[in-house]
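A.B. asks: Next comes the structure file coords.csv, holding CSV, C-alpha atoms.
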```csv
chain,number,residue,atom,x,y,z
A,1,MET,CA,-33.6,-8.5,17.6
A,2,GLY,CA,-29.9,-7.7,17.2
A,3,GLU,CA,-27.9,-8.1,14.0
A,4,GLU,CA,-26.6,-11.5,15.2
A,5,GLY,CA,-30.1,-13.0,15.4
A,6,ARG,CA,-31.7,-11.2,12.5
A,7,GLU,CA,-32.6,-13.0,9.2
A,8,TYR,CA,-32.7,-11.4,5.8
A,9,ARG,CA,-34.4,-12.0,2.6
A,10,VAL,CA,-32.1,-11.8,-0.4
A,11,GLU,CA,-33.0,-8.2,-1.3
A,12,GLU,CA,-32.6,-7.2,2.4
A,13,LEU,CA,-29.2,-8.9,2.6
A,14,ALA,CA,-28.0,-7.3,-0.6
A,15,ALA,CA,-29.0,-3.9,0.6
A,16,GLU,CA,-27.4,-4.3,4.0
A,17,ALA,CA,-24.1,-5.5,2.4
A,18,GLY,CA,-24.2,-2.8,-0.3
A,19,VAL,CA,-24.1,-5.1,-3.3
A,20,PRO,CA,-26.6,-5.7,-6.1
A,21,VAL,CA,-28.9,-8.8,-5.8
A,22,ARG,CA,-27.4,-10.2,-9.0
A,23,THR,CA,-23.9,-10.0,-7.4
A,24,LEU,CA,-25.1,-11.8,-4.3
A,25,ARG,CA,-26.6,-14.6,-6.5
A,26,TYR,CA,-23.4,-14.9,-8.5
A,27,TYR,CA,-21.4,-15.3,-5.2
A,28,GLN,CA,-23.9,-18.0,-4.2
A,29,GLU,CA,-23.5,-19.8,-7.6
A,30,ARG,CA,-19.7,-19.8,-7.0
A,31,ARG,CA,-20.3,-21.2,-3.5
A,32,LEU,CA,-18.7,-18.2,-1.9
A,33,LEU,CA,-21.7,-17.9,0.3
A,34,PRO,CA,-23.2,-20.8,2.4
A,35,ALA,CA,-26.6,-22.0,1.5
A,36,PRO,CA,-29.5,-20.0,3.1
A,37,ARG,CA,-32.1,-21.5,5.4
A,38,ARG,CA,-35.3,-22.3,3.5
A,39,GLN,CA,-38.7,-21.4,4.9
A,40,GLY,CA,-41.0,-22.8,2.2
A,41,ARG,CA,-40.0,-21.0,-1.0
A,42,VAL,CA,-38.3,-18.1,0.9
A,43,ALA,CA,-34.5,-18.1,1.3
A,44,LEU,CA,-33.4,-16.6,4.6
A,45,TYR,CA,-29.9,-15.4,5.3
A,46,ASN,CA,-28.3,-14.5,8.7
A,47,ALA,CA,-25.4,-12.5,10.2
A,48,SER,CA,-22.8,-15.0,9.0
A,49,HIS,CA,-23.9,-14.4,5.4
A,50,LEU,CA,-23.7,-10.7,5.9
A,51,GLY,CA,-20.2,-11.0,7.5
A,52,ARG,CA,-19.1,-13.2,4.5
A,53,LEU,CA,-20.3,-10.6,2.0
A,54,ARG,CA,-18.5,-7.8,3.9
A,55,LEU,CA,-15.3,-9.9,3.9
A,56,ILE,CA,-15.6,-10.6,0.2
A,57,GLY,CA,-16.0,-6.9,-0.4
A,58,GLU,CA,-13.0,-6.0,1.7
A,59,LEU,CA,-10.8,-8.6,-0.1
A,60,LEU,CA,-11.9,-7.3,-3.4
A,61,ASP,CA,-11.0,-3.7,-2.3
A,62,ARG,CA,-7.5,-5.1,-1.4
A,63,GLY,CA,-7.0,-6.4,-4.9
A,64,TYR,CA,-7.9,-10.1,-4.5
A,65,ARG,CA,-9.4,-11.9,-7.4
A,66,LEU,CA,-12.5,-14.1,-6.9
A,67,ASP,CA,-10.4,-17.2,-7.5
A,68,GLY,CA,-8.1,-16.3,-4.6
A,69,ILE,CA,-11.0,-15.4,-2.4
A,70,GLU,CA,-12.6,-18.7,-3.2
A,71,GLU,CA,-9.4,-20.5,-2.0
A,72,LEU,CA,-9.3,-18.5,1.2
A,73,LEU,CA,-12.9,-19.1,2.0
A,74,ALA,CA,-12.5,-22.8,1.3
A,75,ALA,CA,-9.7,-22.9,3.8
A,76,ALA,CA,-11.9,-21.1,6.3
A,77,ASP,CA,-14.7,-23.5,5.8
A,78,GLU,CA,-12.3,-26.3,6.6
A,79,GLY,CA,-12.0,-24.9,10.1
A,80,ARG,CA,-9.4,-22.2,9.9
A,81,ASP,CA,-10.5,-18.6,10.7
A,82,VAL,CA,-9.9,-16.5,7.6
A,83,THR,CA,-9.0,-13.6,9.7
A,84,GLU,CA,-6.1,-15.7,11.1
A,85,LEU,CA,-5.1,-16.7,7.6
A,86,LEU,CA,-5.1,-13.0,6.5
A,87,GLY,CA,-3.8,-11.4,9.7
A,88,TYR,CA,-0.2,-11.1,8.7
A,89,GLU,CA,-1.0,-10.2,5.1
A,90,TRP,CA,-3.4,-7.4,6.2
A,91,ALA,CA,-0.8,-6.1,8.6
A,92,ALA,CA,1.9,-6.2,6.0
A,93,ALA,CA,-0.3,-4.7,3.3
A,94,THR,CA,-1.4,-1.7,5.3
A,95,PRO,CA,0.2,1.1,3.3
A,96,TRP,CA,3.4,2.6,4.7
A,97,ALA,CA,3.5,5.4,2.2
A,98,GLU,CA,1.1,8.3,1.8
A,99,ARG,CA,-2.0,7.4,-0.1
A,100,ALA,CA,-3.4,10.9,-0.6
A,101,SER,CA,-3.6,12.2,-4.1
A,102,ALA,CA,-4.5,15.4,-5.8
A,103,GLU,CA,-5.8,16.1,-9.3
A,104,VAL,CA,-4.8,19.2,-11.3
A,105,SER,CA,-5.0,20.3,-14.9
A,106,ALA,CA,-2.1,20.0,-17.2
A,107,ALA,CA,-2.0,23.8,-17.4
A,108,GLU,CA,-1.8,24.1,-13.6
A,109,LEU,CA,1.0,21.5,-13.5
A,110,ALA,CA,3.0,23.4,-16.1
A,111,ALA,CA,2.5,26.6,-14.2
A,112,MET,CA,3.8,25.1,-10.9
A,113,PHE,CA,7.1,24.4,-12.7
A,114,ASP,CA,7.2,27.6,-14.6
A,115,GLY,CA,7.2,26.0,-18.0
A,116,ARG,CA,10.1,23.7,-17.3
A,117,LEU,CA,8.1,20.5,-18.0
A,118,THR,CA,8.7,18.6,-21.2
A,119,PRO,CA,6.9,15.5,-22.5
A,120,GLU,CA,10.0,13.5,-21.6
A,121,ILE,CA,10.0,14.7,-18.0
A,122,ILE,CA,6.3,14.1,-17.6
A,123,ALA,CA,6.7,10.5,-19.0
A,124,GLU,CA,9.6,9.9,-16.6
A,125,ALA,CA,7.6,11.2,-13.6
A,126,ALA,CA,4.8,8.9,-14.6
A,127,GLU,CA,7.2,5.9,-14.9
A,128,LEU,CA,8.4,6.7,-11.3
A,129,GLY,CA,4.8,6.5,-10.2
A,130,TYR,CA,4.7,10.2,-9.1
A,131,ILE,CA,1.9,11.1,-11.5
A,132,THR,CA,-0.8,9.5,-13.6
A,133,LEU,CA,-2.0,11.1,-16.8
A,134,LEU,CA,-5.8,10.7,-17.0
A,135,ASP,CA,-6.2,12.4,-20.4
A,136,GLY,CA,-4.7,15.3,-22.2
A,137,GLU,CA,-6.1,17.8,-19.6
A,138,ARG,CA,-6.0,16.2,-16.1
A,139,VAL,CA,-3.1,14.8,-14.0
A,140,VAL,CA,-3.3,12.9,-10.7
A,141,ILE,CA,-0.4,13.7,-8.4
A,142,HIS,CA,0.5,10.8,-6.1
A,143,SER,CA,2.1,11.7,-2.7
A,144,PRO,CA,1.5,15.5,-2.6
A,145,ARG,CA,4.4,15.7,0.0
A,146,LEU,CA,6.9,14.5,-2.6
A,147,PHE,CA,5.4,16.7,-5.2
A,148,ASP,CA,5.7,19.8,-2.9
A,149,ALA,CA,9.3,18.9,-2.2
A,150,ALA,CA,10.0,18.7,-6.0
A,151,VAL,CA,8.4,22.1,-6.5
A,152,GLN,CA,10.5,23.6,-3.7
A,153,LEU,CA,13.7,22.1,-5.1
A,154,VAL,CA,12.9,23.6,-8.5
A,155,GLU,CA,12.1,27.0,-7.0
A,156,ALA,CA,15.5,26.8,-5.2
A,157,GLY,CA,17.2,26.4,-8.7
A,158,PHE,CA,17.7,22.7,-9.1
A,159,PRO,CA,17.0,21.3,-12.6
A,160,LEU,CA,14.0,18.9,-12.9
A,161,ARG,CA,16.1,16.4,-14.7
A,162,SER,CA,18.6,16.3,-11.8
A,163,ILE,CA,15.7,15.8,-9.3
A,164,LEU,CA,14.3,12.9,-11.3
A,165,ALA,CA,17.8,11.3,-11.6
A,166,LEU,CA,18.1,11.5,-7.8
A,167,SER,CA,14.6,10.1,-7.4
A,168,TRP,CA,15.7,6.9,-9.3
A,169,GLU,CA,18.7,6.5,-7.0
A,170,LEU,CA,16.5,7.0,-3.9
A,171,GLU,CA,13.9,4.5,-5.2
A,172,ALA,CA,16.7,1.9,-5.6
A,173,ALA,CA,18.4,2.6,-2.3
A,174,PHE,CA,15.1,2.5,-0.3
A,175,ASP,CA,14.0,-0.6,-2.1
A,176,ARG,CA,17.2,-2.4,-0.9
A,177,MET,CA,16.5,-1.2,2.6
A,178,ALA,CA,12.9,-2.4,2.5
A,179,PHE,CA,14.1,-5.8,1.2
A,180,GLY,CA,16.4,-6.0,4.1
A,181,PHE,CA,13.6,-5.4,6.6
A,182,VAL,CA,11.3,-7.8,4.9
A,183,GLN,CA,14.0,-10.5,5.0
A,184,LEU,CA,14.5,-9.8,8.7
A,185,VAL,CA,10.9,-10.5,9.4
A,186,ARG,CA,10.8,-13.6,7.2
A,187,GLY,CA,13.9,-14.9,8.9
A,188,GLN,CA,12.4,-14.3,12.3
A,189,LEU,CA,9.4,-16.7,11.8
A,190,LEU,CA,8.5,-17.9,8.3
A,191,ASP,CA,11.9,-19.3,7.2
A,192,ARG,CA,12.6,-21.1,10.5
A,193,ARG,CA,10.1,-23.9,10.1
A,194,ALA,CA,8.7,-26.2,7.5
A,195,GLY,CA,5.0,-26.2,6.5
A,196,ASP,CA,2.4,-23.6,6.9
A,197,PRO,CA,2.6,-21.2,9.9
A,198,THR,CA,0.0,-21.8,12.6
A,199,PRO,CA,-2.6,-19.2,13.5
A,200,ASP,CA,-0.6,-18.2,16.6
A,201,GLU,CA,2.5,-17.7,14.5
A,202,LEU,CA,0.6,-15.6,12.0
A,203,ASP,CA,-0.7,-13.5,14.9
A,204,ARG,CA,2.8,-13.1,16.2
A,205,LEU,CA,4.1,-12.1,12.8
A,206,ALA,CA,1.3,-9.6,12.3
A,207,GLU,CA,2.2,-8.0,15.7
A,208,LEU,CA,5.9,-8.0,14.7
A,209,VAL,CA,5.1,-6.2,11.4
A,210,GLY,CA,3.1,-3.6,13.4
A,211,ARG,CA,5.9,-3.0,15.8
A,212,LEU,CA,8.4,-2.8,12.9
A,213,ARG,CA,6.8,0.2,11.3
A,214,PRO,CA,7.9,3.0,13.7
A,215,ILE,CA,11.3,1.2,14.2
A,216,ALA,CA,11.9,1.0,10.5
A,217,ARG,CA,11.1,4.7,10.0
A,218,THR,CA,13.4,5.7,12.9
A,219,VAL,CA,16.3,3.5,11.5
A,220,ALA,CA,15.8,5.0,8.0
A,221,ASP,CA,15.8,8.6,9.3
A,222,GLU,CA,18.8,8.1,11.6
A,223,HIS,CA,20.9,6.3,8.9
A,224,PHE,CA,20.1,9.1,6.4
A,225,ALA,CA,21.0,11.8,8.9
A,226,ARG,CA,24.3,10.0,9.7
A,227,ALA,CA,25.1,9.7,6.0
A,228,MET,CA,24.3,13.4,5.4
A,229,ASP,CA,26.6,14.3,8.3
A,230,ARG,CA,29.4,12.2,6.9
A,231,ARG,CA,28.9,13.5,3.3
A,232,LEU,CA,28.6,17.2,4.3
A,233,THR,CA,31.6,17.0,6.6
A,234,LYS,CA,33.7,15.7,3.7
A,235,ASP,CA,32.2,18.1,1.1
A,236,ILE,CA,32.5,21.2,3.3
A,237,SER,CA,36.2,20.5,3.7
A,238,GLU,CA,36.6,20.3,0.0
A,239,ILE,CA,34.6,23.4,-0.6
A,240,ARG,CA,36.6,25.3,2.1
A,241,GLU,CA,39.8,24.5,0.2
A,242,ARG,CA,38.3,25.8,-3.0
A,243,ILE,CA,37.1,29.1,-1.6
A,244,ARG,CA,40.1,29.8,0.7
A,245,PRO,CA,41.7,33.0,-0.5
A,246,THR,CA,45.2,32.6,-1.9
A,247,ARG,CA,48.0,34.5,-0.3
A,248,ARG,CA,50.1,36.8,-2.3
```
Output the structure of this file as structure tokens.

C.D. replies:
Amino acid sequence: MGEEGREYRVEELAAEAGVPVRTLRYYQERRLLPAPRRQGRVALYNASHLGRLRLIGELLDRGYRLDGIEELLAAADEGRDVTELLGYEWAAATPWAERASAEVSAAELAAMFDGRLTPEIIAEAAELGYITLLDGERVVIHSPRLFDAAVQLVEAGFPLRSILALSWELEAAFDRMAFGFVQLVRGQLLDRRAGDPTPDELDRLAELVGRLRPIARTVADEHFARAMDRRLTKDISEIRERIRPTRR
């Protein structure tokens, strides 16, 4: 018998879903799970219960609280497919930035920057979200690519404080650009109509967000390249004037 037609006792369902039995019973008390089929004194669950448990687990992993999950599942039980309700949100919430991280000791971190780190610089890097201090000995580095870029800039002779100051400006500039793209998507569908979007509209919006990802990266890269060309052309002219030998 395939998974669709299989029935589970409570312990079997909990094991299949990877949750403790007590957690399964708690979900059932909160009516997050439909009632099981009764065969005498034995409760039997099926594939829909397993799918519901897996969905709850996925929502929890994405940061939903049980209260919010309860509302979503209630809407689904009223006839709307929860995957349709969440299609756009899941598409939008899929990370754009690198989610890899690395853990190093505080001593290793200090060595990478040749003793240039100060408590103030470390606190500012943490505020920017570049690192997380676990304790006095361990540090989590978020986005190793950005971290490697910072190391290379320091090795090239740029002060860490100047790099962090630039980082704040870049965070603000790219936040404005991200806001513009989000407003573009909202204006395309959500802000054009009254009431809740239909499942078809949510599907279309999810597809639009997926298509937007490579386009947004291309636009950001090209605009930055054009801005660098303009800025360097201007600055090179100024530098040329400063280093031009004077005639005697």

A.B. asks: Quick one: everything within 9 Å of Arg213 (chain A), counting only C-alpha atoms, minus sequence neighbours fewer than 5 positions away in the same chain. Send it as an mmCIF file with C-alpha atoms, in the coordinates of the input.

C.D. replies:
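Output (part-v1.cif):
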```cif
data_model
loop_
_atom_site.group_PDB
_atom_site.id
_atom_site.type_symbol
_atom_site.label_atom_id
_atom_site.label_comp_id
_atom_site.auth_asym_id
_atom_site.auth_seq_id
_atom_site.Cartn_x
_atom_site.Cartn_y
_atom_site.Cartn_z
ATOM 1 C CA TRP A 96 3.400 2.600 4.700
ATOM 2 C CA LEU A 208 5.900 -8.000 14.700
ATOM 3 C CA THR A 218 13.400 5.700 12.900
#
```

A.B. asks: Would you mind reading off the distance between CA of Arg38 (chain A) and CA of Leu50 (chain A), one decimal, in Å?

C.D. replies: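 Calculated distance between CA of Arg38 (chain A) and CA of Leu50 (chain A) is 16.6 Å.
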
A.B. asks: Hey, which of A:Ala216, A:Leu164, A:Arg52, A:Glu155 ends up closest to Gly180 (chain A)? Count only C-alpha atoms.

C.D. replies: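 Selected residue with least distance to Gly180 (chain A): A:Ala216.
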
A.B. asks: Calculated over all atoms listed in the file, which of the candidates A:Arg217, A:Pro34, A:Gln183, A:Pro20 has the smallest distance to Ala97 (chain A)?

C.D. replies: A:Arg217

A.B. asks: With a distance cut-off of 12 Å and all atoms listed in the file, select the neighbouring residues of Leu212 (chain A), excluding the residue or stretch itself and same-chain residues fewer than 2 positions from it, and output the selection as a compact mmCIF listing (two decimals) with C-alpha atoms, keeping the file's coordinate frame.

C.D. replies:
```txt
# COMPACT_ATOMS: atom_id res chain seq x y z
CA ALA A 91 -0.80 -6.10 8.60
CA ALA A 92 1.90 -6.20 6.00
CA TRP A 96 3.40 2.60 4.70
CA ALA A 178 12.90 -2.40 2.50
CA PHE A 181 13.60 -5.40 6.60
CA VAL A 182 11.30 -7.80 4.90
CA LEU A 184 14.50 -9.80 8.70
CA VAL A 185 10.90 -10.50 9.40
CA LEU A 205 4.10 -12.10 12.80
CA ALA A 206 1.30 -9.60 12.30
CA GLU A 207 2.20 -8.00 15.70
CA LEU A 208 5.90 -8.00 14.70
CA VAL A 209 5.10 -6.20 11.40
CA GLY A 210 3.10 -3.60 13.40
CA PRO A 214 7.90 3.00 13.70
CA ILE A 215 11.30 1.20 14.20
CA ALA A 216 11.90 1.00 10.50
CA ARG A 217 11.10 4.70 10.00
CA THR A 218 13.40 5.70 12.90
CA VAL A 219 16.30 3.50 11.50
CA ALA A 220 15.80 5.00 8.00
```

A.B. asks: May I ask for the distance between CA of Ala15 (chain A) and CA of Ile56 (chain A), given in Å to one decimal place?

C.D. replies: 15.0 Å

A.B. asks: My list of candidates is A:Ser237, A:Leu44, A:Arg116, A:His223. Which is closest to Gly157 (chain A) when distances are computed with all atoms listed in the file?

C.D. replies: A:Arg116
